[in-house]
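S.K.: My structure is below; once you've seen it, I'll send some questions.
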Amino acid sequence: MLALAERLSHYQTDGLTCRPVASGKLVRVVGLTLEATGCRAPIGSLCQVETIHGHMDAEVVGFSGDNLFLMPSEQITGVLPGAKVTPLATDSGLPVGMELLGRVIDGVGNPLDGLGPLYTEKRAKFNSDPINPLSRKPISEPLDVGIKAINGLLTVGKGQRIGLFAGSGVGKSVTLGMMTRGTTAQVVVVGLIGERGREVKEFIDEILGVDGRQRSVVVAAPADSSPLMRLKGCQTALTIAEYFRDQGLDVLLLMDSLTRFAQAQREIALSVGEPPATKGYPPSVFAKLPALVERAGNGSQEHGSITAFFTVLTEGDDLQDPIADASRAILDGHIVLSREMADAGHYPAIDVEKSVSRVMPQVTNEEQILMSKAVRQVLSVCRKNQDLVSIGAYKPGSDPAIDSAFTLKPKLDNFLQQGMQETVPYDMSISMLRNLLQVPVEE
């Protein structure tokens with residue numbers, strides 16, 4: 001106990017501040033990590049490493065004996081053996097405030113948009129304390145996302161966490177952009193994590209647009225960023241969303257993608273010696289996923305909500321991929337984008353049969369639940385009998401259910417498709433679905 005007290009006496013902590021007393025030196029570079037000796041700092045604190053180009057920031061991600069493992073926030077260049085490593089006296093945290101609206105920042109809050117520095121009065125920790133589950137407001141009302149297929153058949157509730165599962169090039173980013181423009185949420189926070197740099201600018205200029213950007217905050221950590229920056233980018237997006245939620249606002253959080261977060265954690269964990277477990281992913285990945293996802297959702301009664309869409313990249317369109325499987329278990333529903341539908345020009349390529357919103361019964365009425373079931377039944381009948389009809393083996397009139405399903409299918413396909421710039425409000429989506437199924441309006 002005395003030894004622990006002596007160690008802790010080297011530090012002065014006050015939440016965001018930690019003041020170690022000694023500097024050390026760099027003894028080894030292994031893969032993506034730096035190993036330093038001669039200094040002490042807690043995990044999660046920041047250090048500065050001397051390079052021939054100046055100082056490089058790095059975070060303490062582990063230790064072995066008296067040696068610290070550091071993960072730099074940028075590419076490892078210009079590092080010399082024995083370079084000086086200095087633990088930073090303070091960690092100022094992440095700038096948060098209304099000034100963030102309309103801005104594009106990197107994984108640690110530095111502006112990327114060329115609009116000048118950020119001046120905010122408040123700072124927040126990257127990792128907030130968990131919310132007591134009993135203090136959260138229940139999910140009781142729907143959120144309009146502007147996409148009729150989701151509004152009508154996969155209704156999302158305020159405070160829900162839902163996954164958008166798809167392979168590469170199936171339309172995840174476009175679908176997120178449609179939600180950004182069409183949602184009734186007051187603030188939109190977009191996390192572009194591990195994406196191509198070209199796609200970041202395209203998303204901001206073309207998909208998000210001028211109107212969508214005015215009420216949005218974009219956090220960008222492209223694919224060429226270090227694993228630490230990609231990891232921090234996800235935490236930054238959640239921290240900003242939590243700030244706006246605590247101001248009583250309804251927030252739509254779009255995270256693209258949760259898979260890149262898991263891959264960044266895998267790179268860091270393997271670099272510090274954690275053994276791989278499932279398909280190369282170490283156990284810490286599956287511990288950090290729920291810790292990140294649980295930060296979204298409803299706050300207490302006086303707070304607002306964070307409705308979160310986490311995209312999950314399914315390798316080879318395999319929904320049983322370890323990250324996809326783990327994500328489905330911790331989210332409140334999943335929307336699957338089909339490559340076959342995308343190849344056929346059906347956008348958004350939402351596979352209604354494979355998708356589900358777990359809170360839909362709590363935020364909709366019985367009529368909409370029955371309409372959603374009816375649509376699923378029609379799609380199921382058409383899928384099962386498509387081959388018979390295509391080769392002419394089915395004779396019309398043999399089965400009224402099949403005849404009815406294939407008669408309705410063209411109209412249903414038209415309902416499920418939507419232009420990229422088109423926005424369909426929630427009430428209009430329900431009305432269109434009711435007219436499609438010819439359901440009488442209750443007076």
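Going through the structure tokens in order, the chains are called A, B, and so on, while each chain numbers its residues from 1 and the ligands are numbered from 1 in the order shown.
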Can you tell me, as a VMD selection string, what residues are no more than 8 Å from A:Ala149 when counting only C-alpha atoms, ignoring any on the same chain fewer than 5 positions away?
M.R.: chain A and resid 154 350 415 to 417 429
S.K.: Since we have the selection now, will you write its residues out, keeping C-alpha atoms, as a short mmCIF file (atom, residue, chain, number, x, y, z; two decimals), in the first residue's frame?
M.R.:
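Contents of the output file out.cif:
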data_model
loop_
_atom_site.label_atom_id
_atom_site.label_comp_id
_atom_site.auth_asym_id
_atom_site.auth_seq_id
_atom_site.Cartn_x
_atom_site.Cartn_y
_atom_site.Cartn_z
CA LEU A 154 -38.32 -0.19 -39.97
CA ILE A 350 -32.56 -2.02 -48.07
CA PHE A 415 -42.29 2.50 -52.70
CA LEU A 416 -38.97 1.09 -51.43
CA GLN A 417 -36.91 3.12 -53.90
CA SER A 429 -44.41 7.58 -45.65
#
S.K.: For A:Cys47, work out the shell of residues within 8 Å, counting only C-alpha atoms and skipping chain neighbours fewer than 4 positions away, then give it as a PyMOL selection string.
M.R.: chain A and resi 57-60+85-88
S.K.: Name the residues in contact with A:Cys382 at a cut-off of 9 Å, using only C-alpha atoms, excluding same-chain residues fewer than 5 positions from it; report them as a ChimeraX atom specification.
M.R.: /A:377,402,405-406,409
S.K.: Based on the selection just made, write N, CA and C atoms of those residues as a CSV table (one decimal), in the first residue's frame.
M.R.:
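Output (selection_25.csv):
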chain,number,residue,atom,x,y,z
A,377,GLN,N,-44.5,-10.3,-45.8
A,377,GLN,CA,-45.1,-11.5,-46.4
A,377,GLN,C,-45.1,-11.5,-47.9
A,402,ILE,N,-49.9,-16.1,-54.3
A,402,ILE,CA,-48.8,-15.8,-55.2
A,402,ILE,C,-49.2,-14.8,-56.2
A,405,ALA,N,-49.3,-11.4,-54.6
A,405,ALA,CA,-48.0,-10.9,-54.2
A,405,ALA,C,-47.3,-10.3,-55.4
A,406,PHE,N,-47.3,-11.1,-56.6
A,406,PHE,CA,-46.6,-10.6,-57.7
A,406,PHE,C,-47.4,-9.4,-58.4
A,409,LYS,N,-46.0,-6.5,-56.2
A,409,LYS,CA,-44.6,-6.4,-56.1
A,409,LYS,C,-44.1,-5.1,-56.8
S.K.: List every residue of stretch 157-405 of chain A that DSSP, applied to the backbone of this structure, assigns to alpha helix (DSSP H), and report them as JSON, numbers by chain.
M.R.: {"A": [172, 173, 174, 175, 176, 177, 178, 179, 180, 181, 182, 197, 198, 199, 200, 201, 202, 209, 210, 211, 212, 213, 214, 227, 228, 229, 230, 231, 232, 233, 234, 235, 236, 237, 238, 239, 240, 241, 242, 243, 244, 245, 246, 258, 259, 260, 261, 262, 263, 264, 265, 266, 267, 268, 269, 270, 271, 283, 284, 285, 286, 287, 288, 289, 290, 291, 292, 293, 322, 323, 324, 325, 326, 327, 328, 329, 330, 339, 340, 341, 342, 343, 360, 361, 362, 363, 366, 367, 368, 369, 370, 371, 372, 373, 374, 375, 376, 377, 378, 379, 380, 381, 382, 383, 384, 385, 386, 387, 388, 389, 390, 400, 401, 402, 403, 404, 405]}
S.K.: Quick one: everything within 8 Å of stretch 179-191 of chain A, counting only C-alpha atoms, minus sequence neighbours fewer than 5 positions away in the same chain. Send it as an MDAnalysis selection string.
M.R.: chainID A and resid 143:147 208 211:212 215:220 233:234 237 240:241 244 249:257 423:425
S.K.: Figure out the distance between atom CA of A:Leu100 and atom CA of A:Leu112, please, to one decimal in Å.
M.R.: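 Spanning atom CA of A:Leu112 to atom CA of A:Leu100 is a straight-line distance of 12.0 Å.
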S.K.: Smallest atom-to-atom distance to A:Ile150: which of A:Glu199, A:Glu121, A:Asp332, A:Asp351, using only C-alpha atoms?
M.R.: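 Ranking A:Glu199, A:Glu121, A:Asp332, A:Asp351 by distance to A:Ile150, first place goes to A:Asp351.
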